[in-house]
Amino acid sequence: MNRLLRAPDVRVVALAVVAALLLVLLRGVSVAAPVRFLCAVALFMAPGVMVSRWFLREWSAGAAVVPVAFAVSAGMFGILGVPMLMLNTSLDLYLILCAVIVGAFLVAAIARAFSGASSDVEKSDAQADDSAGPLWVPFALLAAALTFVSWTKIPNVYDDMWVYLSYVRTFLGDEPLARYEPYFGELTGLARLKINGWMLEQAALARVSGLDPVVMVIKYLNPALVIVALLAFYSLARTLFKNNTAAVLASCLYALYFLVQLSESVLPAGSEFAVRLAEDKYAARFLFLPVALAAAVLFLRSHRLRYLVAFGFLCWSVVTVHPVGIAVVGVAMAGFGIVYLAVNRRERGAWARIVALGAAGASVGLLPLLLVPATGVPLADLLRASDISSGDPKVLANMVFVKPWREKILEFDDGSYIMHPALLLDPTVLVALTLGLGFLLWRLRRSVTAQFLLGTLVFVAVVVYVPQIATFVGDHFILPWQIHRLAWALSLAAMLTVCWMVWELVRYAQSRMDGSGSTRRVGRLLPVLLIVALMVAATPASLAGARDLALGNRVQPSSVGLGFDPIFPWMRDNIVEPSVVLAPDGENTLIPAWSNQVNVVSLRGGLLFPVLDKLKARTDGAVEAPQGSIDVRTFYTTPEVEPKLEILRRYEVDYVMVFDGSPLEEQIQGVPGIEPVPDAPEERYSLYRVDSEELDG
């Protein structure tokens, strides 16, 4: 019995049962919100933990179990969500099926424990590499710093996070899943929303935990994902370097890299990592990409079928998060495969292994092959609809060319384009492409890690920086604005290359200090001393960037984050029937994220108008501003009253939001049919109810 109670499978089952009981007992207890979230996450992670322990235990020993288990569970529930979204079922049915999956794994775990099959897992856990020692302390401090930054930052009004949260809110409503979009209440048709299991998983977590989705994602899920993402990099680094100390050292350097780049720069890697991990494209980049690449490397090293299956499963999983994820995985694997075959061309089985990996990744192409005949929608149209936060596809396809300040793409006079060279000035990329190439070439023949890093660095650089290739890929395989996303694989490989170089320098220094007494002790602590010194040096830049992020999008004098202004929770709790709110353009992005009963008149017109003339010139006048965006701008800028009233009639507006104490508020006060809502909070806005009949009279 004691052996049974000590079995890891039994401990996982016990944790899941306790989490389920706490969710029931603490339902509605506001002060227990963090506990309820952790309980929901424990149930979410349970299947992934069991799969990783049963089939992938060599890979997921120690802290690496967290990202591997997360990716497996997220993939499992994400793939399950696709038919739910395609068939417009309900969140309740999805939750029932998720509960069946969790229950089945718990029963299987109990059966394995009674049969004694978990003893091998227990032995493997006991032998997990713990050699990193004191390095985990600075790693924990760096992870805590990034988590705190994530917790304090409120997304800006035009950030994609609010659009995603609007869909999550819609999934929590009474309507069938993915039938209507949240801003205007229109039918969604066939769009990427139908295969986005990532947002459905967030809605399920919100329902199970009993938390508001905005609060849950921004205040709890996003900070938690920071830790998972750091451990995902650790898992890949440990797979590549085959040394636990090297992996933790690399993870500390990885965290420091993001901390010194927290400011809103043209290449805002730090803010993307710390603030936007819950968004689907960044989840694909920072959470799934490292885990999928680690599975591929493990397959080529061990030749074990389980890692090939894991790689194929993760490829399918990343598609349910964001389709760009499979493109980034594919471009990295293409470079790796070319170099691997060049080095091992005479090895029996090398071609078969690369073909097997390619087939596993390419299997995700079965989904569009099934969708296109079934729907009659061309594949190109499906790709153009790949961004759920966009409107007119022509705007999305050309916006990247008319906003050069983002430095994501550089266009030439002949119409060709490349990824903007600003990435090459990033310190890690610059070092990797100058010093790192020679470092990797020296180890190429005997090291799969060198083959992976060199292939990814060179191949991705060629794809995104050779104009003919970049243009061909952007025009025929992805879309132009996604070219810069392919470079995510280049940034990851560059960081790993620099970390490997640092580790080799540390090892060399330790070998020179391998004497006796104090010299040897200092040598053993050299990785920790290096990280501590870098942390001290990075503190000023990190604090400045964190302060800038925390103060952004906050409203004085109360300094409340604009997205959390009291007017938005009031709408959630008090507008209980389908209504239309006329609000400023930026606020329109926020409102449906808080209330699934409210539609708005415009979406992101403020981003379109400054570049509208350039877009018209690029498309021969094919791009026009949406009428709703024009009307919102007219309502809040024109001095005449009658055009405002006509706009209210045209959209059958139920509520009007104006800035408290503004001239517009004085203008509409006293107009028949427009009355202030007496109990609405007025910290920044005033809300007015519109009586259509009285307004018409």
# chains A, B, ... in the order shown; residues from 1 in each chain; ligands from 1

call {"tool": "residues_around", "arguments": {"residues": "Asn222 of chain A", "least_positions_apart": "3", "cutoff": "8 Å", "atoms": "only C-alpha atoms", "output": "VMD selection string"}}
result
chain A and resid 150 to 151 217 to 219 225 to 226 274 to 278

call {"tool": "closest_atom_pairs", "arguments": {"of": "segment 501-600 of chain A", "to": "segment 163-172 of chain A", "cutoff": "10 Å", "atoms": "only C-alpha atoms", "output": "Markdown table"}}
result
| residue | atom | partner | partner_atom | distance |
| --- | --- | --- | --- | --- |
| A:Thr589 | CA | A:Val163 | CA | 6.6 |
| A:Leu590 | CA | A:Val163 | CA | 7.8 |
| A:Ile591 | CA | A:Ser166 | CA | 8.1 |
| A:Pro592 | CA | A:Ser166 | CA | 5.1 |
| A:Ala593 | CA | A:Ser166 | CA | 3.7 |
| A:Trp594 | CA | A:Arg169 | CA | 7.0 |
| A:Ser595 | CA | A:Arg169 | CA | 7.0 |
| A:Asn596 | CA | A:Thr170 | CA | 5.5 |
| A:Gln597 | CA | A:Thr170 | CA | 8.8 |

call {"tool": "write_last_selection", "arguments": {"atoms": "C-alpha atoms", "output": "JSON list (two decimals), in the first residue's frame"}}
result
[["chain", "number", "residue", "atom", "x", "y", "z"],
["A", 589, "THR", "CA", -12.31, 47.10, -29.19],
["A", 590, "LEU", "CA", -12.82, 46.64, -25.45],
["A", 591, "ILE", "CA", -16.60, 46.53, -25.05],
["A", 592, "PRO", "CA", -17.39, 43.08, -26.58],
["A", 593, "ALA", "CA", -14.52, 41.60, -24.57],
["A", 594, "TRP", "CA", -16.50, 42.48, -21.45],
["A", 595, "SER", "CA", -20.07, 41.82, -22.60],
["A", 596, "ASN", "CA", -21.49, 39.27, -25.03],
["A", 597, "GLN", "CA", -24.77, 41.21, -25.16]]

call {"tool": "residues_around", "arguments": {"residues": "Leu300 of chain A", "least_positions_apart": "4", "cutoff": "12 Å", "atoms": "only C-alpha atoms", "output": "number ranges by chain"}}
result
A: 239-240, 293-296, 304-308, 311, 333, 336-337, 340-341, 344, 349-357, 447-449, 451-452

call {"tool": "write_last_selection", "arguments": {"atoms": "N, CA and C atoms", "output": "CSV table (one decimal), in the first residue's frame"}}
result
chain,number,residue,atom,x,y,z
A,239,THR,N,17.5,19.4,-24.3
A,239,THR,CA,17.5,18.4,-25.4
A,239,THR,C,18.7,18.6,-26.3
A,240,LEU,N,19.0,19.8,-26.6
A,240,LEU,CA,20.1,20.1,-27.5
A,240,LEU,C,21.5,20.0,-26.9
A,293,LEU,N,10.1,21.4,-31.8
A,293,LEU,CA,11.5,21.2,-32.3
A,293,LEU,C,12.3,20.2,-31.4
A,294,ALA,N,12.0,20.2,-30.1
A,294,ALA,CA,12.7,19.3,-29.2
A,294,ALA,C,12.3,17.8,-29.6
A,295,ALA,N,11.0,17.6,-29.9
A,295,ALA,CA,10.5,16.3,-30.3
A,295,ALA,C,11.2,15.8,-31.5
A,296,ALA,N,11.4,16.7,-32.5
A,296,ALA,CA,12.0,16.3,-33.8
A,296,ALA,C,13.5,16.0,-33.5
A,304,ARG,N,13.3,6.7,-32.0
A,304,ARG,CA,12.2,6.1,-31.4
A,304,ARG,C,10.9,6.6,-32.0
A,305,LEU,N,10.0,5.7,-32.3
A,305,LEU,CA,8.7,6.1,-32.9
A,305,LEU,C,7.9,7.1,-32.1
A,306,ARG,N,8.0,6.9,-30.7
A,306,ARG,CA,7.2,7.8,-29.9
A,306,ARG,C,7.5,9.3,-30.1
A,307,TYR,N,8.7,9.6,-30.4
A,307,TYR,CA,9.0,11.0,-30.6
A,307,TYR,C,8.5,11.5,-32.0
A,308,LEU,N,8.5,10.6,-32.9
A,308,LEU,CA,7.9,11.0,-34.2
A,308,LEU,C,6.4,11.2,-34.1
A,311,PHE,N,6.0,14.5,-32.4
A,311,PHE,CA,6.2,15.7,-33.3
A,311,PHE,C,5.0,15.9,-34.2
A,333,MET,N,12.5,23.2,-39.6
A,333,MET,CA,12.8,21.7,-39.9
A,333,MET,C,13.3,21.6,-41.3
A,336,PHE,N,17.0,22.3,-41.0
A,336,PHE,CA,17.6,21.2,-40.2
A,336,PHE,C,17.7,20.0,-41.1
A,337,GLY,N,16.7,19.7,-41.8
A,337,GLY,CA,16.7,18.5,-42.6
A,337,GLY,C,17.8,18.5,-43.7
A,340,TYR,N,21.2,18.1,-42.0
A,340,TYR,CA,21.2,16.7,-41.4
A,340,TYR,C,21.5,15.7,-42.5
A,341,LEU,N,20.9,15.8,-43.7
A,341,LEU,CA,21.1,14.9,-44.8
A,341,LEU,C,22.5,15.1,-45.4
A,344,ASN,N,24.9,13.4,-43.0
A,344,ASN,CA,24.6,12.0,-42.8
A,344,ASN,C,24.1,11.3,-44.1
A,349,GLY,N,19.3,5.0,-43.2
A,349,GLY,CA,18.1,5.4,-42.5
A,349,GLY,C,17.9,6.9,-42.3
A,350,ALA,N,19.0,7.7,-42.6
A,350,ALA,CA,18.9,9.1,-42.5
A,350,ALA,C,17.8,9.7,-43.3
A,351,TRP,N,17.7,9.3,-44.6
A,351,TRP,CA,16.7,9.8,-45.5
A,351,TRP,C,15.3,9.4,-45.0
A,352,ALA,N,15.2,8.1,-44.5
A,352,ALA,CA,13.9,7.7,-44.0
A,352,ALA,C,13.4,8.5,-42.8
A,353,ARG,N,14.3,8.8,-42.0
A,353,ARG,CA,13.9,9.6,-40.8
A,353,ARG,C,13.5,11.0,-41.1
A,354,ILE,N,14.2,11.6,-42.1
A,354,ILE,CA,13.8,13.0,-42.5
A,354,ILE,C,12.5,13.0,-43.2
A,355,VAL,N,12.3,12.0,-44.1
A,355,VAL,CA,11.0,11.8,-44.8
A,355,VAL,C,9.9,11.6,-43.8
A,356,ALA,N,10.1,10.8,-42.8
A,356,ALA,CA,9.1,10.5,-41.8
A,356,ALA,C,8.7,11.8,-41.0
A,357,LEU,N,9.7,12.6,-40.7
A,357,LEU,CA,9.4,13.9,-40.0
A,357,LEU,C,8.7,14.8,-41.0
A,447,SER,N,27.8,16.6,-34.2
A,447,SER,CA,26.8,17.1,-33.3
A,447,SER,C,25.5,17.4,-34.1
A,448,VAL,N,24.4,16.7,-33.7
A,448,VAL,CA,23.0,16.9,-34.2
A,448,VAL,C,22.6,18.3,-33.8
A,449,THR,N,23.0,18.8,-32.6
A,449,THR,CA,22.6,20.1,-32.2
A,449,THR,C,23.2,21.2,-33.1
A,451,GLN,N,24.0,20.7,-36.2
A,451,GLN,CA,23.3,20.6,-37.5
A,451,GLN,C,21.9,21.3,-37.4
A,452,PHE,N,21.2,21.2,-36.3
A,452,PHE,CA,19.9,21.8,-36.2
A,452,PHE,C,20.1,23.4,-36.2

call {"tool": "atom_distance", "arguments": {"atom1": "atom CA of Asn243 of chain A", "atom2": "atom CA of Ser271 of chain A"}}
result
29.4 Å

call {"tool": "residues_around", "arguments": {"residues": "Pro480 of chain A", "least_positions_apart": "2", "cutoff": "8 Å", "atoms": "only C-alpha atoms", "output": "JSON, numbers by chain"}}
result
{"A": [397, 400, 471, 474, 475, 478, 482, 483]}

call {"tool": "closest_residue", "arguments": {"among": "A:Glu272, A:Arg301, A:Val623, A:Val532", "to": "Arg446 of chain A", "atoms": "only C-alpha atoms"}}
result
A:Arg301

call {"tool": "select_by_dssp", "arguments": {"residues": "segment 301-496 of chain A", "states": "helix (DSSP H, G or I)", "output": "number ranges by chain"}}
result
A: 301-302, 305-319, 324-343, 350-375, 379-384, 393-402, 404-406, 421-425, 427-442, 448-465, 467-476, 480-496

call {"tool": "residues_around", "arguments": {"residues": "Phe105 of chain A", "least_positions_apart": "4", "cutoff": "7 Å", "atoms": "only C-alpha atoms", "output": "list of chain:residue names"}}
result
A:Pro47, A:Ile101, A:Ala109

call {"tool": "write_last_selection", "arguments": {"atoms": "N, CA and C atoms", "output": "compact mmCIF listing (two decimals), in the first residue's frame"}}
result
# COMPACT_ATOMS: atom_id res chain seq x y z
N PRO A 47 -4.05 15.24 -18.05
CA PRO A 47 -3.78 14.29 -19.14
C PRO A 47 -2.38 14.44 -19.72
N ILE A 101 -12.47 12.97 -21.04
CA ILE A 101 -11.04 12.71 -21.31
C ILE A 101 -10.24 12.71 -20.01
N ALA A 109 -4.73 5.90 -14.94
CA ALA A 109 -3.62 6.07 -13.99
C ALA A 109 -3.80 5.18 -12.77

call {"tool": "residues_around", "arguments": {"residues": "segment 9-19 of chain A", "least_positions_apart": "2", "cutoff": "6 Å", "atoms": "only C-alpha atoms", "output": "ChimeraX atom specification"}}
result
/A:7,21-22,39,43,106,109

call {"tool": "write_last_selection", "arguments": {"atoms": "C-alpha atoms", "output": "compact mmCIF listing (two decimals), in the first residue's frame"}}
result
# COMPACT_ATOMS: atom_id res chain seq x y z
CA ALA A 7 3.40 6.09 -7.14
CA LEU A 21 -13.36 19.31 -4.89
CA LEU A 22 -11.91 22.76 -4.26
CA CYS A 39 -7.32 24.06 -9.63
CA LEU A 43 -7.28 19.46 -14.18
CA LEU A 106 -7.48 9.29 -14.11
CA ALA A 109 -3.62 6.07 -13.99

call {"tool": "residues_around", "arguments": {"residues": "Leu146 of chain A", "least_positions_apart": "4", "cutoff": "10 Å", "atoms": "only C-alpha atoms", "output": "number ranges by chain"}}
result
A: 141-142, 150-151, 223, 226-227, 230, 255-256, 258-259, 262, 270-271, 273-275, 542, 546

call {"tool": "write_last_selection", "arguments": {"atoms": "C-alpha atoms", "output": "short mmCIF file (atom, residue, chain, number, x, y, z; two decimals), in the first residue's frame"}}
result
data_model
loop_
_atom_site.label_atom_id
_atom_site.label_comp_id
_atom_site.auth_asym_id
_atom_site.auth_seq_id
_atom_site.Cartn_x
_atom_site.Cartn_y
_atom_site.Cartn_z
CA LEU A 141 14.07 35.34 -9.69
CA LEU A 142 14.13 36.13 -13.40
CA SER A 150 3.02 40.42 -17.15
CA TRP A 151 0.70 40.85 -14.17
CA PRO A 223 1.58 35.41 -16.09
CA VAL A 226 5.46 33.18 -18.82
CA ILE A 227 6.76 30.41 -16.57
CA LEU A 230 10.65 29.80 -20.01
CA ALA A 255 14.91 35.53 -19.55
CA LEU A 256 17.51 38.31 -19.29
CA PHE A 258 13.50 39.65 -22.66
CA LEU A 259 13.92 41.74 -19.52
CA LEU A 262 10.71 45.34 -22.36
CA GLY A 270 10.35 41.52 -24.39
CA SER A 271 6.84 42.95 -24.36
CA PHE A 273 6.93 37.56 -24.39
CA ALA A 274 5.86 39.08 -21.08
CA VAL A 275 2.53 40.60 -22.08
CA SER A 542 14.78 46.23 -17.12
CA ALA A 546 8.90 47.52 -16.90
#

call {"tool": "closest_residue", "arguments": {"among": "A:Thr619, A:Ala544, A:Ile531, A:Val309", "to": "Tyr254 of chain A", "atoms": "only C-alpha atoms"}}
result
A:Ile531

call {"tool": "closest_residue", "arguments": {"among": "A:Leu249, A:Val68, A:Leu91, A:Ile567", "to": "Gly173 of chain A", "atoms": "only C-alpha atoms"}}
result
A:Leu91
